[in-house]
$ cat data11.txt   # compact mmCIF, C-alpha atoms
# COMPACT_ATOMS: atom_id res chain seq x y z
CA MET M 1 0.00 0.00 0.00
CA LYS M 2 1.33 3.39 -0.99
CA GLU M 3 2.00 5.64 2.00
CA LYS M 4 0.16 8.93 2.12
CA SER M 5 2.18 12.07 1.51
CA PRO M 6 1.92 14.85 4.08
CA ILE M 7 -0.18 17.87 3.27
CA LYS M 8 2.00 20.87 2.59
CA ILE M 9 0.97 24.49 2.44
CA ASP M 10 2.86 26.47 -0.21
CA LEU M 11 1.62 30.04 -0.09
CA GLU M 12 3.91 31.24 -2.89
CA THR M 13 2.48 28.62 -5.29
CA VAL M 14 -1.07 29.52 -4.29
CA ILE M 15 -0.43 33.22 -4.92
CA LYS M 16 1.11 32.49 -8.32
CA SER M 17 -1.94 30.42 -9.27
CA LYS M 18 -4.33 33.21 -8.30
CA THR M 19 -2.58 36.21 -9.81
CA ASN M 20 -0.24 37.09 -12.63
CA LYS M 21 1.66 39.49 -10.41
CA LYS M 22 4.93 38.43 -8.84
CA LEU M 23 5.20 39.57 -5.24
CA PRO M 24 8.61 40.44 -3.75
CA ARG M 25 10.21 37.52 -1.89
CA PHE M 26 10.38 39.48 1.38
CA LEU M 27 6.60 40.01 1.22
CA ILE M 28 6.00 36.30 0.53
CA ARG M 29 8.16 35.37 3.52
CA GLY M 30 6.26 37.86 5.68
CA LEU M 31 2.94 36.31 4.69
CA GLU M 32 4.30 32.80 5.28
CA LYS M 33 5.28 33.80 8.81
CA LEU M 34 1.89 35.43 9.34
CA ILE M 35 0.07 32.17 8.59
CA HIS M 36 2.72 30.09 10.42
CA GLN M 37 3.37 28.07 7.27
CA ASP M 38 6.48 26.25 8.52
CA GLU M 39 4.87 25.35 11.86
CA ILE M 40 1.69 24.09 10.21
CA ASN M 41 3.66 22.02 7.68
CA HIS M 42 5.72 20.53 10.51
CA PHE M 43 2.49 19.46 12.24
CA PHE M 44 1.13 17.95 9.01
CA ALA M 45 4.37 16.02 8.46
CA ASN M 46 4.10 14.47 11.94
CA ASN M 47 0.44 13.49 11.48
CA VAL M 48 0.38 11.75 8.12
CA GLY M 49 -2.61 9.41 7.91
CA VAL M 50 -4.28 10.86 11.01
CA GLU M 51 -7.85 11.94 10.21
CA GLY M 52 -11.15 13.05 11.69
CA ILE M 53 -11.49 13.39 15.46
CA ASP M 54 -8.02 11.91 15.99
CA PHE M 55 -6.54 14.71 13.87
CA VAL M 56 -8.56 17.28 15.83
CA ASP M 57 -7.25 15.94 19.14
CA SER M 58 -3.68 15.93 17.81
CA ALA M 59 -4.05 19.60 16.88
CA LEU M 60 -5.39 20.49 20.32
CA ASP M 61 -2.53 18.59 21.94
CA TYR M 62 0.00 20.30 19.69
CA LEU M 63 -1.32 23.70 20.73
CA ASN M 64 -1.39 22.57 24.36
CA VAL M 65 -4.84 24.01 24.98
CA LYS M 66 -7.16 22.87 27.73
CA VAL M 67 -10.93 22.88 27.32
CA ASN M 68 -13.08 22.92 30.46
CA ILE M 69 -16.55 21.48 29.79
CA TYR M 70 -19.66 22.55 31.68
CA GLY M 71 -23.32 21.58 31.27
CA GLU M 72 -22.53 18.28 29.61
CA GLU M 73 -25.51 16.82 31.46
CA ASN M 74 -27.68 18.96 29.15
CA ILE M 75 -26.71 16.79 26.18
CA PRO M 76 -29.13 13.84 25.90
CA SER M 77 -27.49 10.49 25.27
CA GLU M 78 -29.81 9.77 22.34
CA GLY M 79 -31.41 11.88 19.63
CA LYS M 80 -30.51 14.04 16.67
CA PHE M 81 -29.24 17.51 17.52
CA ILE M 82 -27.99 20.77 16.11
CA PHE M 83 -25.31 22.29 18.33
CA ALA M 84 -25.50 26.05 17.73
CA SER M 85 -22.54 27.97 19.15
CA ASN M 86 -21.09 31.44 19.28
CA HIS M 87 -17.85 31.74 17.33
CA PRO M 88 -15.26 33.74 19.30
CA LEU M 89 -12.00 32.41 17.84
CA GLY M 90 -12.39 31.34 14.23
CA GLY M 91 -10.59 27.99 14.49
CA LEU M 92 -9.85 26.55 17.89
CA ASP M 93 -13.49 26.78 18.95
CA GLY M 94 -14.46 24.57 16.03
CA LEU M 95 -11.75 22.04 16.84
CA ALA M 96 -12.77 21.91 20.50
CA LEU M 97 -16.48 21.41 19.75
CA SER M 98 -15.72 18.74 17.17
CA SER M 99 -13.65 16.86 19.74
CA ILE M 100 -16.19 17.12 22.58
CA VAL M 101 -19.29 16.21 20.58
CA GLY M 102 -17.45 13.74 18.35
CA ARG M 103 -16.12 11.75 21.29
CA LYS M 104 -19.52 11.73 23.01
CA PHE M 105 -21.29 10.35 19.92
CA GLY M 106 -18.66 7.97 18.62
CA GLY M 107 -17.40 10.23 15.85
CA LYS M 108 -20.86 10.65 14.31
CA VAL M 109 -20.58 14.40 13.89
CA CYS M 110 -20.48 16.91 11.04
CA PHE M 111 -19.55 20.57 11.00
CA LEU M 112 -21.24 22.97 8.57
CA VAL M 113 -18.35 25.12 7.34
CA ASN M 114 -17.19 27.54 4.68
CA SER M 115 -16.28 25.60 1.54
CA PHE M 116 -12.61 26.68 1.55
CA LEU M 117 -12.04 24.54 4.67
CA MET M 118 -12.63 21.44 2.57
CA ASN M 119 -8.99 21.81 1.51
CA LEU M 120 -8.04 20.47 4.96
CA GLN M 121 -8.12 16.86 3.78
CA PRO M 122 -7.71 15.17 7.21
CA LEU M 123 -10.89 16.97 8.37
CA ALA M 124 -12.89 16.69 5.14
CA GLY M 125 -14.86 13.75 6.54
CA LEU M 126 -16.16 15.96 9.36
CA PHE M 127 -17.04 18.95 7.20
CA VAL M 128 -20.06 19.81 5.10
CA PRO M 129 -19.53 22.90 2.91
CA ILE M 130 -22.35 25.41 2.95
CA ASN M 131 -21.30 27.74 0.14
CA VAL M 132 -19.96 26.91 -3.32
CA GLY M 133 -20.10 28.56 -6.71
CA GLY M 134 -22.25 27.55 -9.67
CA LYS M 135 -25.88 26.42 -9.90
CA ARG M 136 -24.97 22.76 -10.51
CA GLN M 137 -22.65 22.70 -7.49
CA GLU M 138 -25.22 24.52 -5.38
CA ARG M 139 -27.91 21.99 -6.27
CA ASP M 140 -25.64 19.04 -5.48
CA LEU M 141 -24.59 20.68 -2.22
CA ASN M 142 -28.18 21.29 -1.14
CA GLN M 143 -28.93 17.61 -1.71
CA LYS M 144 -25.90 16.64 0.38
CA ILE M 145 -26.93 18.96 3.20
CA GLU M 146 -30.45 17.53 3.18
CA HIS M 147 -29.01 14.03 3.37
CA ILE M 148 -26.78 14.95 6.32
CA PHE M 149 -29.76 16.35 8.24
CA GLU M 150 -31.62 13.09 7.63
CA THR M 151 -28.79 10.95 9.06
CA ASN M 152 -28.17 10.27 12.74
CA LYS M 153 -25.04 12.41 12.77
CA GLN M 154 -24.89 15.32 15.20
CA LEU M 155 -24.51 18.69 13.47
CA LEU M 156 -22.35 21.55 14.67
CA ILE M 157 -22.80 25.06 13.36
CA PHE M 158 -21.66 28.62 13.96
CA PRO M 159 -24.79 30.49 12.79
CA ALA M 160 -22.95 33.82 12.62
CA GLY M 161 -20.86 32.48 9.75
CA ILE M 162 -17.74 34.41 10.78
CA CYS M 163 -15.98 34.78 14.10
CA SER M 164 -16.97 37.34 16.73
CA ARG M 165 -16.06 41.00 16.65
CA LYS M 166 -16.08 43.68 19.33
CA ILE M 167 -19.55 45.24 19.22
CA ASP M 168 -20.62 47.92 21.69
CA GLY M 169 -17.53 47.16 23.75
CA LYS M 170 -18.28 43.41 24.00
CA ILE M 171 -16.87 40.42 22.16
CA GLN M 172 -19.91 38.95 20.44
CA ASP M 173 -21.19 37.38 17.23
CA LEU M 174 -22.74 39.27 14.39
CA LYS M 175 -26.36 38.52 13.51
CA TRP M 176 -27.08 34.79 13.32
CA LYS M 177 -28.38 33.31 10.08
CA LYS M 178 -31.74 31.51 10.12
CA THR M 179 -30.76 28.31 8.27
CA PHE M 180 -30.32 26.20 11.40
CA ILE M 181 -33.79 27.16 12.62
CA LYS M 182 -35.41 26.15 9.33
CA LYS M 183 -33.53 22.84 9.29
CA ALA M 184 -34.39 22.14 12.93
CA ILE M 185 -38.08 22.53 12.07
CA GLU M 186 -37.91 20.55 8.82
CA HIS M 187 -36.00 17.64 10.33
CA GLN M 188 -37.30 17.83 13.91
CA ARG M 189 -33.86 18.26 15.40
CA THR M 190 -33.44 19.60 18.91
CA VAL M 191 -31.14 22.62 19.15
CA ILE M 192 -28.53 22.62 21.89
CA PRO M 193 -27.14 26.12 22.54
CA VAL M 194 -23.42 26.33 23.23
CA TYR M 195 -21.43 29.16 24.78
CA PHE M 196 -17.68 29.18 24.11
CA GLU M 197 -15.77 31.52 26.42
CA ALA M 198 -12.73 32.89 24.56
CA ARG M 199 -11.45 35.89 22.62
CA ASN M 200 -8.88 36.92 20.07
CA SER M 201 -6.34 39.71 20.60
CA ASN M 202 -7.14 43.42 20.78
CA PHE M 203 -5.15 43.81 17.56
CA PHE M 204 -7.64 41.60 15.72
CA TYR M 205 -10.67 43.59 16.91
CA ASN M 206 -9.01 46.95 16.36
CA LEU M 207 -8.07 45.96 12.81
CA ALA M 208 -11.67 44.93 12.11
CA ARG M 209 -12.92 48.22 13.50
CA LEU M 210 -10.42 50.19 11.40
CA ARG M 211 -11.47 48.29 8.28
CA ASN M 212 -15.10 49.13 8.93
CA PHE M 213 -14.22 52.77 9.58
CA LEU M 214 -12.40 52.93 6.23
CA LYS M 215 -15.36 51.14 4.57
CA ILE M 216 -13.14 48.34 3.26
CA LYS M 217 -15.37 45.38 2.33
CA LEU M 218 -12.61 42.74 2.26
CA ASN M 219 -12.28 41.12 5.70
CA ILE M 220 -8.52 41.63 5.89
CA GLU M 221 -8.46 40.72 9.59
CA MET M 222 -9.32 37.13 8.65
CA ALA M 223 -5.79 36.72 7.27
CA PHE M 224 -4.55 37.03 10.85
CA LEU M 225 -6.65 34.14 12.20
CA PRO M 226 -3.84 31.53 11.88
CA HIS M 227 -1.58 33.86 13.89
CA GLU M 228 -4.37 34.39 16.42
CA MET M 229 -4.72 30.62 16.78
CA PHE M 230 -1.06 30.08 17.51
CA LYS M 231 -1.12 32.93 20.03
CA GLN M 232 -3.60 30.80 22.01
CA LYS M 233 -0.94 28.13 22.68
CA GLY M 234 -1.11 26.93 26.27
CA ASN M 235 -4.38 28.70 27.03
CA SER M 236 -7.53 27.21 28.53
CA PHE M 237 -11.13 27.81 27.52
CA SER M 238 -14.56 26.98 28.86
CA VAL M 239 -17.38 25.47 26.83
CA THR M 240 -20.87 25.38 28.33
CA PHE M 241 -23.85 23.50 26.93
CA GLY M 242 -27.25 25.02 27.62
CA LYS M 243 -30.65 23.39 28.00
CA PRO M 244 -31.93 21.63 24.84
CA ILE M 245 -34.49 23.56 22.78
CA PRO M 246 -37.03 21.22 21.11
CA ALA M 247 -37.87 21.92 17.47
CA GLU M 248 -41.50 22.52 18.49
CA THR M 249 -40.34 25.69 20.25
CA PHE M 250 -39.84 27.39 16.89
CA ASN M 251 -43.51 27.98 16.13
CA SER M 252 -45.22 30.62 13.99
CA SER M 253 -45.09 33.24 16.77
CA LYS M 254 -41.76 34.36 15.32
CA ARG M 255 -40.16 34.27 11.90
CA PRO M 256 -37.13 31.95 11.48
CA GLU M 257 -34.74 34.92 11.49
CA GLU M 258 -36.30 36.12 14.75
CA TRP M 259 -35.96 32.69 16.32
CA ALA M 260 -32.30 32.64 15.26
CA GLN M 261 -31.64 35.87 17.16
CA TRP M 262 -33.62 34.51 20.11
CA VAL M 263 -31.33 31.46 20.28
CA ARG M 264 -28.31 33.78 19.96
CA GLU M 265 -29.57 35.71 22.98
CA GLU M 266 -30.10 32.47 24.90
CA VAL M 267 -26.49 31.50 24.19
CA TYR M 268 -25.20 34.74 25.69
CA LYS M 269 -27.36 34.15 28.78
CA ILE M 270 -25.54 30.89 29.51
CA PRO M 271 -23.39 31.37 32.64
CA SER M 272 -19.74 32.04 31.97
CA TYR M 273 -17.20 30.03 33.96
CA GLY M 274 -14.27 31.99 32.60
CA SER M 275 -11.10 30.94 30.81
CA ASN M 276 -7.43 31.66 31.27

$ encode --input "data11.txt" --output "structure tokens"
Amino acid sequence: MKEKSPIKIDLETVIKSKTNKKLPRFLIRGLEKLIHQDEINHFFANNVGVEGIDFVDSALDYLNVKVNIYGEENIPSEGKFIFASNHPLGGLDGLALSSIVGRKFGGKVCFLVNSFLMNLQPLAGLFVPINVGGKRQERDLNQKIEHIFETNKQLLIFPAGICSRKIDGKIQDLKWKKTFIKKAIEHQRTVIPVYFEARNSNFFYNLARLRNFLKIKLNIEMAFLPHEMFKQKGNSFSVTFGKPIPAETFNSSKRPEEWAQWVREEVYKIPSYGSN
């Protein structure tokens, strides 16, 4: 059997494939350091053939992060659920939730993610992309999503779509999208609210605020998320699971988008146990 080759990130090759412009070498090296290319490639090289939840746990171990779990008694041992969480970090929070829920349900878990994350081959089996280009691809994707909701896999989702920003002086999600409410109703899945206690650096939030002030549409702060993740090395976080919300809760008294914001509010009411 042919051994698998390690995944390798090559930012310079990616840039060349996306643009005809040749960037100065010093700028390429600066970007490579920003995304921690050498460190990530070293991790990939030491985890060839490791996939799924095992890969997630290896990443958490590599970063030496500790996750304190609260409210686990709120997760029923049987049933089909949608775990809807705030999204403070943009990476580590997803890894942590995948590990916790995946281990509890024997690896039967899927994460609804941005399609570009499908390039992380060791995690592709855990991911379901929610945005692709082209009508044919969109139709095929919608069919795949419907199939996933019909299975007995537990679904994890960050309804905000992107990680939290500083809003009115508080680290919090942007408006939550309504998709998870509609799917909970259609497929009679109980929603379990999740509160993840964590934050990125002040630099990240200040950059986002400056971008908005300058009316720049491109989310340039997202390029710093790999650096933000590695800055979390050795930290601890708390994850708290709230009381299950049956699908029947989401009745006609509110529109799906209103129910989505209601669940968001419920998440931020979950007691915080702090993180270091």

$ residues_around --input "data11.txt" --residues "M:Phe250" --least-positions-apart "4" --cutoff "12 Å" --atoms "all atoms listed in the file" --output "list in words"
Lys178, Phe180, Ile181, Lys182, Lys183, Ala184, Ile185, Glu186, Gln188, Arg189, Thr190, Val191, Ile245, Pro246, Lys254, Arg255, Pro256, Glu257, Glu258, Trp259, Ala260, Gln261, Trp262 and Val263 of chain M

$ atom_distance --input "data11.txt" --atom1 "atom CA of M:Pro244" --atom2 "atom CA of M:Pro76"
8.3 Å

$ residues_around --input "data11.txt" --residues "M:Lys153" --least-positions-apart "3" --cutoff "8 Å" --atoms "only C-alpha atoms" --output "list in words"
Lys80, Lys108, Val109, Cys110, Ile148 and Phe149 of chain M

$ write_last_selection --input "data11.txt" --atoms "C-alpha atoms" --output "PDB file, in the coordinates of the input"
ATOM      1  CA  LYS M  80     -30.510  14.040  16.670  1.00  0.00           C
ATOM      2  CA  LYS M 108     -20.860  10.650  14.310  1.00  0.00           C
ATOM      3  CA  VAL M 109     -20.580  14.400  13.890  1.00  0.00           C
ATOM      4  CA  CYS M 110     -20.480  16.910  11.040  1.00  0.00           C
ATOM      5  CA  ILE M 148     -26.780  14.950   6.320  1.00  0.00           C
ATOM      6  CA  PHE M 149     -29.760  16.350   8.240  1.00  0.00           C
TER       7      PHE M 149
END

$ closest_residue --input "data11.txt" --among "M:Phe203, M:Phe230, M:Phe111, M:Phe81" --to "M:Pro159" --atoms "all atoms listed in the file"
M:Phe111

$ residues_near_point --input "data11.txt" --point "(-0.3, 10.3, 2.4)" --cutoff "7 Å" --atoms "all atoms listed in the file" --output "list in words"
Glu3, Lys4, Ser5, Pro6, Val48 and Gly49 of chain M

$ write_last_selection --input "data11.txt" --atoms "C-alpha atoms" --output "mmCIF file, keeping the file's coordinate frame"
data_model
loop_
_atom_site.group_PDB
_atom_site.id
_atom_site.type_symbol
_atom_site.label_atom_id
_atom_site.label_comp_id
_atom_site.auth_asym_id
_atom_site.auth_seq_id
_atom_site.Cartn_x
_atom_site.Cartn_y
_atom_site.Cartn_z
ATOM 1 C CA GLU M 3 2.000 5.640 2.000
ATOM 2 C CA LYS M 4 0.160 8.930 2.120
ATOM 3 C CA SER M 5 2.180 12.070 1.510
ATOM 4 C CA PRO M 6 1.920 14.850 4.080
ATOM 5 C CA VAL M 48 0.380 11.750 8.120
ATOM 6 C CA GLY M 49 -2.610 9.410 7.910
#

$ closest_residue --input "data11.txt" --among "M:His42, M:Lys21, M:His36, M:Arg209" --to "M:Ile7" --atoms "all atoms listed in the file"
M:His42

$ closest_residue --input "data11.txt" --among "M:Ser164, M:Asp61, M:Asp38, M:Lys8" --to "M:Leu120" --atoms "all atoms listed in the file"
M:Lys8

$ axis_aligned_box --input "data11.txt" --around "stretch 39-57 of chain M" --padding-each-side "4 Å" --output "lines of an AutoDock Vina configuration file"
center_x = -2.9
center_y = 17.4
center_z = 13.4
size_x = 25.2
size_y = 23.9
size_z = 19.5

$ atom_distance --input "data11.txt" --atom1 "atom CA of M:Tyr205" --atom2 "atom CA of M:Ile28"
24.5 Å
